[in-house]
Structure formats: C-alpha cells, structure tokens
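Text of upload-v6.cif, listed as mmCIF, C-alpha atoms:
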data_my_file
loop_
_atom_site.group_PDB
_atom_site.id
_atom_site.type_symbol
_atom_site.label_atom_id
_atom_site.label_comp_id
_atom_site.auth_asym_id
_atom_site.auth_seq_id
_atom_site.Cartn_x
_atom_site.Cartn_y
_atom_site.Cartn_z
ATOM 1 C CA MET P 1 -4.200 8.281 -22.675
ATOM 2 C CA VAL P 2 -4.753 8.432 -18.920
ATOM 3 C CA SER P 3 -3.554 11.668 -17.354
ATOM 4 C CA LYS P 4 -1.550 11.654 -14.142
ATOM 5 C CA PRO P 5 -3.869 12.638 -11.284
ATOM 6 C CA ASN P 6 -3.276 15.829 -9.351
ATOM 7 C CA ASN P 7 -2.926 14.017 -6.022
ATOM 8 C CA PHE P 8 -0.251 11.634 -7.277
ATOM 9 C CA SER P 9 2.060 10.748 -4.366
ATOM 10 C CA PRO P 10 3.256 7.205 -5.077
ATOM 11 C CA ALA P 11 4.989 4.710 -2.804
ATOM 12 C CA LEU P 12 6.703 1.508 -3.952
ATOM 13 C CA LEU P 13 5.893 -1.608 -1.925
ATOM 14 C CA ILE P 14 8.309 -4.529 -2.425
ATOM 15 C CA ILE P 15 6.702 -7.650 -1.000
ATOM 16 C CA ASP P 16 8.850 -10.412 0.556
ATOM 17 C CA LEU P 17 11.690 -10.529 -1.950
ATOM 18 C CA GLN P 18 13.550 -12.926 0.345
ATOM 19 C CA ASN P 19 15.948 -15.829 -0.001
ATOM 20 C CA ASP P 20 13.455 -18.494 1.032
ATOM 21 C CA PHE P 21 11.083 -17.407 -1.738
ATOM 22 C CA SER P 22 13.841 -17.347 -4.361
ATOM 23 C CA PRO P 23 15.387 -20.077 -6.527
ATOM 24 C CA PRO P 24 17.450 -22.130 -6.476
ATOM 25 C CA ASP P 25 17.797 -22.755 -2.748
ATOM 26 C CA GLY P 26 14.748 -21.180 -1.122
ATOM 27 C CA SER P 27 12.644 -23.527 0.981
ATOM 28 C CA LEU P 28 9.519 -22.056 -0.647
ATOM 29 C CA ALA P 29 11.071 -20.883 -3.899
ATOM 30 C CA VAL P 30 8.824 -19.170 -6.435
ATOM 31 C CA SER P 31 9.747 -20.084 -10.001
ATOM 32 C CA GLU P 32 11.560 -17.203 -11.734
ATOM 33 C CA GLY P 33 11.374 -15.185 -8.523
ATOM 34 C CA ARG P 34 14.866 -13.778 -8.972
ATOM 35 C CA ASP P 35 13.950 -12.524 -12.440
ATOM 36 C CA THR P 36 12.016 -9.751 -10.741
ATOM 37 C CA ILE P 37 15.118 -8.198 -9.142
ATOM 38 C CA PRO P 38 16.233 -6.056 -12.135
ATOM 39 C CA VAL P 39 12.660 -4.808 -12.562
ATOM 40 C CA VAL P 40 12.375 -3.910 -8.890
ATOM 41 C CA ASN P 41 15.743 -2.128 -8.917
ATOM 42 C CA GLU P 42 14.735 -0.127 -11.971
ATOM 43 C CA LEU P 43 11.541 0.912 -10.234
ATOM 44 C CA LEU P 44 13.456 1.808 -7.077
ATOM 45 C CA SER P 45 15.399 4.335 -9.145
ATOM 46 C CA ARG P 46 12.273 6.094 -10.409
ATOM 47 C CA PRO P 47 12.298 9.660 -9.048
ATOM 48 C CA ALA P 48 8.559 10.005 -8.496
ATOM 49 C CA PHE P 49 8.402 7.613 -5.537
ATOM 50 C CA ILE P 50 8.116 9.431 -2.239
ATOM 51 C CA ALA P 51 8.671 6.181 -0.308
ATOM 52 C CA ARG P 52 10.212 2.804 -1.085
ATOM 53 C CA VAL P 53 9.245 0.144 1.441
ATOM 54 C CA ALA P 54 10.322 -3.506 1.483
ATOM 55 C CA THR P 55 8.512 -6.111 3.561
ATOM 56 C CA LYS P 56 9.740 -9.385 5.035
ATOM 57 C CA ASP P 57 7.983 -12.482 6.220
ATOM 58 C CA TYR P 58 9.602 -12.912 9.640
ATOM 59 C CA HIS P 59 8.170 -15.975 11.308
ATOM 60 C CA PRO P 60 8.891 -17.596 14.674
ATOM 61 C CA GLN P 61 9.825 -21.285 14.452
ATOM 62 C CA ASP P 62 6.443 -22.323 15.844
ATOM 63 C CA HIS P 63 4.436 -20.436 13.228
ATOM 64 C CA ILE P 64 1.004 -21.873 12.492
ATOM 65 C CA SER P 65 1.567 -21.940 8.719
ATOM 66 C CA PHE P 66 4.458 -24.403 8.950
ATOM 67 C CA ALA P 67 3.426 -27.969 8.143
ATOM 68 C CA SER P 68 6.128 -29.148 10.545
ATOM 69 C CA ASN P 69 4.101 -27.742 13.445
ATOM 70 C CA HIS P 70 1.070 -29.953 12.689
ATOM 71 C CA THR P 71 0.428 -33.654 13.152
ATOM 72 C CA THR P 72 0.164 -36.400 10.557
ATOM 73 C CA PRO P 73 -1.529 -36.966 8.238
ATOM 74 C CA ASN P 74 -2.560 -33.317 7.883
ATOM 75 C CA ASN P 75 0.931 -31.853 7.743
ATOM 76 C CA VAL P 76 1.963 -32.088 4.108
ATOM 77 C CA PRO P 77 3.461 -28.857 2.744
ATOM 78 C CA PHE P 78 1.523 -27.283 -0.129
ATOM 79 C CA THR P 79 -1.410 -29.727 0.083
ATOM 80 C CA SER P 80 -2.572 -29.745 3.725
ATOM 81 C CA PHE P 81 -4.703 -27.033 5.270
ATOM 82 C CA ALA P 82 -5.291 -25.935 8.854
ATOM 83 C CA THR P 83 -8.042 -23.986 10.540
ATOM 84 C CA VAL P 84 -6.794 -20.785 12.163
ATOM 85 C CA VAL P 85 -9.028 -19.542 14.965
ATOM 86 C CA ASN P 86 -8.889 -15.985 16.226
ATOM 87 C CA PRO P 87 -7.120 -16.384 19.594
ATOM 88 C CA GLU P 88 -9.323 -13.652 21.054
ATOM 89 C CA ASN P 89 -12.616 -14.625 19.400
ATOM 90 C CA ALA P 90 -13.354 -18.293 18.799
ATOM 91 C CA THR P 91 -16.261 -17.480 16.466
ATOM 92 C CA GLU P 92 -13.882 -16.120 13.827
ATOM 93 C CA SER P 93 -11.726 -18.520 11.804
ATOM 94 C CA TYR P 94 -10.345 -19.253 8.343
ATOM 95 C CA GLU P 95 -8.558 -22.026 6.465
ATOM 96 C CA THR P 96 -4.900 -21.623 5.517
ATOM 97 C CA ARG P 97 -2.573 -23.690 3.362
ATOM 98 C CA LEU P 98 0.420 -25.236 5.126
ATOM 99 C CA TRP P 99 3.940 -24.519 3.879
ATOM 100 C CA PRO P 100 7.503 -25.698 4.399
ATOM 101 C CA ASP P 101 9.324 -23.808 7.144
ATOM 102 C CA HIS P 102 10.355 -20.478 5.636
ATOM 103 C CA CYS P 103 11.646 -17.042 6.557
ATOM 104 C CA VAL P 104 12.345 -18.063 10.142
ATOM 105 C CA GLN P 105 13.520 -15.178 12.272
ATOM 106 C CA GLY P 106 17.300 -14.786 12.291
ATOM 107 C CA THR P 107 17.974 -17.276 9.491
ATOM 108 C CA PRO P 108 19.549 -16.515 6.092
ATOM 109 C CA GLY P 109 16.294 -17.547 4.436
ATOM 110 C CA SER P 110 14.567 -14.546 5.976
ATOM 111 C CA ASP P 111 17.051 -12.073 4.480
ATOM 112 C CA LEU P 112 16.140 -9.923 1.525
ATOM 113 C CA VAL P 113 17.777 -11.218 -1.635
ATOM 114 C CA ASP P 114 21.267 -10.257 -2.718
ATOM 115 C CA GLY P 115 21.070 -7.912 -5.652
ATOM 116 C CA LEU P 116 18.188 -5.855 -4.325
ATOM 117 C CA ASP P 117 19.447 -2.278 -4.133
ATOM 118 C CA MET P 118 18.975 -1.658 -0.423
ATOM 119 C CA ASN P 119 20.591 1.769 -0.727
ATOM 120 C CA LEU P 120 17.339 2.921 -2.301
ATOM 121 C CA VAL P 121 14.990 1.271 0.226
ATOM 122 C CA ASP P 122 13.668 3.696 2.847
ATOM 123 C CA ARG P 123 12.095 1.243 5.258
ATOM 124 C CA VAL P 124 11.892 -2.494 5.926
ATOM 125 C CA ILE P 125 8.736 -3.763 7.637
ATOM 126 C CA GLU P 126 8.522 -7.246 9.154
ATOM 127 C CA LYS P 127 5.286 -9.222 9.136
ATOM 128 C CA GLY P 128 4.010 -12.610 10.224
ATOM 129 C CA LYS P 129 5.708 -12.391 13.607
ATOM 130 C CA ASP P 130 2.747 -13.703 15.620
ATOM 131 C CA SER P 131 2.899 -17.510 15.574
ATOM 132 C CA ARG P 132 -0.871 -17.822 16.039
ATOM 133 C CA VAL P 133 -2.027 -16.239 12.769
ATOM 134 C CA GLU P 134 -1.208 -16.309 9.070
ATOM 135 C CA MET P 135 -0.413 -12.901 7.608
ATOM 136 C CA TYR P 136 -0.042 -12.830 3.845
ATOM 137 C CA SER P 137 -0.836 -9.127 3.705
ATOM 138 C CA ALA P 138 1.875 -6.589 4.471
ATOM 139 C CA PHE P 139 -0.763 -4.623 6.381
ATOM 140 C CA TYR P 140 -2.483 -7.003 8.830
ATOM 141 C CA ASP P 141 -3.852 -10.476 9.441
ATOM 142 C CA PRO P 142 -7.313 -11.482 8.106
ATOM 143 C CA PHE P 143 -9.074 -11.280 11.462
ATOM 144 C CA VAL P 144 -11.305 -8.306 12.198
ATOM 145 C CA HIS P 145 -13.015 -8.843 15.563
ATOM 146 C CA PRO P 146 -10.427 -8.142 16.849
ATOM 147 C CA ARG P 147 -7.407 -7.857 14.579
ATOM 148 C CA ILE P 148 -4.442 -9.696 16.060
ATOM 149 C CA SER P 149 -1.419 -8.389 14.158
ATOM 150 C CA ASP P 150 -0.923 -5.054 12.378
ATOM 151 C CA SER P 151 2.432 -4.122 10.832
ATOM 152 C CA GLY P 152 1.718 -0.390 10.993
ATOM 153 C CA LEU P 153 2.317 -0.093 7.237
ATOM 154 C CA SER P 154 -0.857 1.845 6.494
ATOM 155 C CA LYS P 155 0.008 4.482 9.089
ATOM 156 C CA VAL P 156 3.581 4.725 7.784
ATOM 157 C CA LEU P 157 2.437 5.236 4.204
ATOM 158 C CA ARG P 158 -0.401 7.631 4.960
ATOM 159 C CA GLU P 159 0.873 9.683 7.889
ATOM 160 C CA GLU P 160 4.645 9.582 7.539
ATOM 161 C CA TYR P 161 5.022 9.659 3.766
ATOM 162 C CA LYS P 162 1.629 11.125 2.746
ATOM 163 C CA ALA P 163 1.290 8.528 -0.003
ATOM 164 C CA THR P 164 -1.887 8.356 -2.070
ATOM 165 C CA TRP P 165 -0.872 5.627 -4.548
ATOM 166 C CA VAL P 166 0.854 2.302 -3.897
ATOM 167 C CA TYR P 167 2.733 0.349 -6.570
ATOM 168 C CA VAL P 168 3.185 -3.307 -5.625
ATOM 169 C CA VAL P 169 5.841 -5.799 -6.729
ATOM 170 C CA GLY P 170 7.483 -8.860 -5.162
ATOM 171 C CA LEU P 171 6.549 -12.422 -4.191
ATOM 172 C CA ALA P 172 4.251 -14.088 -4.599
ATOM 173 C CA LEU P 173 1.495 -12.748 -6.829
ATOM 174 C CA ASP P 174 -1.137 -15.262 -5.732
ATOM 175 C CA TYR P 175 -0.528 -14.880 -2.001
ATOM 176 C CA CYS P 176 1.274 -11.990 -0.333
ATOM 177 C CA VAL P 177 1.266 -9.609 -3.300
ATOM 178 C CA LYS P 178 -2.441 -10.158 -3.863
ATOM 179 C CA ALA P 179 -3.348 -9.810 -0.192
ATOM 180 C CA SER P 180 -1.228 -6.683 0.196
ATOM 181 C CA ALA P 181 -2.690 -5.048 -2.910
ATOM 182 C CA LEU P 182 -6.249 -5.802 -1.808
ATOM 183 C CA ASP P 183 -5.644 -4.413 1.670
ATOM 184 C CA ALA P 184 -3.917 -1.319 0.269
ATOM 185 C CA LYS P 185 -7.077 -0.686 -1.751
ATOM 186 C CA LYS P 186 -9.238 -1.219 1.346
ATOM 187 C CA GLU P 187 -7.067 1.333 3.136
ATOM 188 C CA GLY P 188 -7.989 3.938 0.525
ATOM 189 C CA PHE P 189 -4.894 3.974 -1.673
ATOM 190 C CA GLU P 190 -4.975 3.769 -5.442
ATOM 191 C CA VAL P 191 -3.085 0.560 -6.190
ATOM 192 C CA VAL P 192 -1.042 -0.671 -9.150
ATOM 193 C CA VAL P 193 0.426 -4.181 -9.395
ATOM 194 C CA ILE P 194 3.224 -4.350 -11.981
ATOM 195 C CA ARG P 195 3.216 -7.675 -13.804
ATOM 196 C CA GLU P 196 6.927 -7.852 -14.602
ATOM 197 C CA GLY P 197 7.775 -7.231 -10.951
ATOM 198 C CA THR P 198 6.052 -10.297 -9.528
ATOM 199 C CA ARG P 199 5.705 -14.048 -9.964
ATOM 200 C CA ALA P 200 3.166 -16.559 -8.638
ATOM 201 C CA VAL P 201 3.549 -19.771 -6.647
ATOM 202 C CA ASP P 202 1.211 -21.298 -9.209
ATOM 203 C CA GLY P 203 2.413 -19.624 -12.373
ATOM 204 C CA SER P 204 -0.098 -21.273 -14.697
ATOM 205 C CA ASP P 205 -1.885 -18.942 -17.094
ATOM 206 C CA VAL P 206 -5.233 -19.924 -15.595
ATOM 207 C CA ASN P 207 -4.194 -19.106 -12.026
ATOM 208 C CA VAL P 208 -2.496 -15.834 -12.937
ATOM 209 C CA ALA P 209 -5.572 -14.747 -14.902
ATOM 210 C CA THR P 210 -7.800 -15.646 -11.940
ATOM 211 C CA VAL P 211 -5.667 -13.609 -9.543
ATOM 212 C CA GLU P 212 -5.556 -10.645 -11.904
ATOM 213 C CA LYS P 213 -9.344 -10.726 -12.257
ATOM 214 C CA GLU P 214 -9.781 -10.763 -8.474
ATOM 215 C CA LEU P 215 -7.496 -7.759 -8.192
ATOM 216 C CA THR P 216 -9.158 -5.903 -11.037
ATOM 217 C CA ASP P 217 -12.634 -6.591 -9.674
ATOM 218 C CA ALA P 218 -11.515 -4.993 -6.391
ATOM 219 C CA GLY P 219 -10.352 -1.843 -8.186
ATOM 220 C CA VAL P 220 -6.628 -2.668 -8.284
ATOM 221 C CA ARG P 221 -4.874 -1.794 -11.555
ATOM 222 C CA VAL P 222 -2.753 -4.643 -12.935
ATOM 223 C CA ARG P 223 -0.355 -3.093 -15.418
ATOM 224 C CA ASP P 224 2.733 -3.724 -17.541
ATOM 225 C CA LEU P 225 5.905 -1.635 -17.373
ATOM 226 C CA GLY P 226 4.818 0.109 -20.562
ATOM 227 C CA SER P 227 1.567 1.380 -19.071
ATOM 228 C CA GLU P 228 0.587 4.994 -18.521
ATOM 229 C CA GLU P 229 0.580 4.475 -14.754
ATOM 230 C CA VAL P 230 4.252 3.430 -14.845
ATOM 231 C CA SER P 231 5.179 6.297 -17.166
ATOM 232 C CA TRP P 232 4.015 8.717 -14.470
ATOM 233 C CA LEU P 233 6.971 7.607 -12.329
ATOM 234 C CA SER P 234 9.657 9.084 -14.591
#
Let me see whether you can do it: turn the structure in this file into structure tokens.
Amino acid sequence: MVSKPNNFSPALLIIDLQNDFSPPDGSLAVSEGRDTIPVVNELLSRPAFIARVATKDYHPQDHISFASNHTTPNNVPFTSFATVVNPENATESYETRLWPDHCVQGTPGSDLVDGLDMNLVDRVIEKGKDSRVEMYSAFYDPFVHPRISDSGLSKVLREEYKATWVYVVGLALDYCVKASALDAKKEGFEVVVIREGTRAVDGSDVNVATVEKELTDAGVRVRDLGSEEVSWLS
C-alpha cells in the first residue's frame, strides 16, 4: 500500500474534452471519447481536489496544424507533416502532424462537450491560440529559445491554487494528454494519468502501451480508478 503523501494538494486537469474531439460528429473525433465523460464527472465530484481546470484547444482559422492551410500534395489530414519553425529563432524547429480543421475559435466544435459538469469546473484555460505554433500541451508550446506561447497554467496551479499533484484526464492520450502530463512533471508536479478518463487517437494496444511507457519513464504515474493514488481523492 502506498501512503498518501503529507504535501498532497491535488488539482484535476481535464484536457480538451471538446465537441470536435468527440464522436459522432467531431471533425477530429477520438474513438470512445465520450465514454470518458462519466469518469471525468465522478472525479470532478471528489472532495480532495483543490482545483478543477478544463482546457480547450482554441485555434484561429489559419492555424499551422490545419492541413487546409498547406499546399498539395503535403496537405493530407492525419498523414502529412509540416515543419514548424520558431518565428523568433530560425534555428529551432520541429515536425508536426497535420489535422482536419478543429476547435476553431467561436465555433460549436470548440465548445466543451455537453454532459461535462461545468458547475464543478473552477477554470477554463484556452490553448493553441497562436497560429504559428502547435501546442499540444496545456502549458506551453515546444519551443524553448524563446517560448512563443504560454497558457499560464503552471502559474495558476502553483501560485493561485498551491497544487502539488496534478491528475490528468481528457483527449487525446497520445497527443495533448501526454504532452500536458509530461510538462506538468517538468514543472515539478507529481502527475497521475487516469486510464479510464482518457482515450487515444490511435487506440491500438501497441500505441497505448508505448505512450504509457513514455509517461512512466518520465516519472508520470499511469493508474486505474482502483489505484491507491485515486483512493486518496475520497
């Protein structure tokens, strides 16, 4: 049995549980994505959480991750990639997968899903608002020298809520959930990803196992609802 730590001040982070990521009509629907809603609502009701934060992809129409903003033949959603160059430092770049248009600012697809108990959500943080960079993480974009976009989430969790642990659920495990969990760990939080509260774009057993290993290797705890870490929330 793992004992609850003395400095246990947990926050719940609900990643991008939005219409465009949800079946049946989302433009970038994650299979079984809506099945996470009852799990997330149950977690929202847990009394131990000192903060409950939901995030939203909130992209401008000209966002760099949209395949529609690139030229043929390298503009096929899901299969094409683009090089993203730091707009303030041309020596820093990375490759990103291109997607269908999704979570465009002001559209119904960007809304958090019906059924999510918003009465229990303390804060909604928007991300991905800079058209020039991809931002899977709820914290910031991948660039470092300099960073281009920072949501302010780390400061909110640490300074406003005094959180020491972050529990992560939402969509999708292999992209925004993973990136957010890894960055939460880098920011010094103890991090728990709850399996039942997330789904992957590629839900194959091999891919999910690969993602979980990457998280575990980075010190993130990947746990089931029946785990000790979840029991601490009662």
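Reported to one decimal place, the separation of atom CA of Lys186 of chain P from atom CA of Val124 of chain P is 21.7 Å.
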Discussion item. Given the PyMOL selection byres ((chain P and resi 218-220) around 7) and the file above, list the residues it selects as a PyMOL selection string.
Written reply: chain P and resi 185+191-192+214-217+221-222
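The residue that comes closest to Val40 of chain P, out of P:Leu153, P:Val169, P:Ala163, P:Val121 and on the basis of only C-alpha atoms, is P:Val169.
If only C-alpha atoms are the atoms counted, then among P:Ala51, P:Val193, P:Leu13, P:Val76 the closest residue to Ser227 of chain P is P:Val193.
Residues captured in this structure file are His63, Ile64, Ser65, Ala67, Ser68, Asn69, Leu98, Trp99, Pro100 and Asp101 of chain P, according to the PyMOL selection byres ((chain P and resi 66) around 6).
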Give the padded box for segment 29-37 of chain P as AutoDock Vina command-line options: axis-aligned, covering all atoms listed in the file, 4 Å on each side, centre and edge lengths in Å to one decimal.
--center_x 12.0 --center_y -14.5 --center_z -8.2 --size_x 14.3 --size_y 20.7 --size_z 16.5
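Ranking P:Pro10, P:Gly226, P:Gly128, P:Pro146 by their shortest atom-to-atom distance to Asn89 of chain P, with all atoms listed in the file included, puts P:Pro146 first.
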Practice prompt. Between atom CA of Leu157 of chain P and atom CA of Glu95 of chain P, measure the distance and give it in Å to one decimal.
Written response: 29.5 Å
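Using all atoms listed in the file, the smallest distance between any of P:Asp111, P:Tyr167, P:Ala138, P:Tyr175 and Leu44 of chain P comes from P:Tyr167.
The space between atom CA of Pro77 of chain P and atom CA of Arg97 of chain P spans 8.0 Å.
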Worksheet item: From the set P:Thr164, P:Thr71, P:Ser204, P:Asn86, which residue has the shortest atom-to-atom contact distance to Pro5 of chain P, counting only C-alpha atoms?
Response: P:Thr164
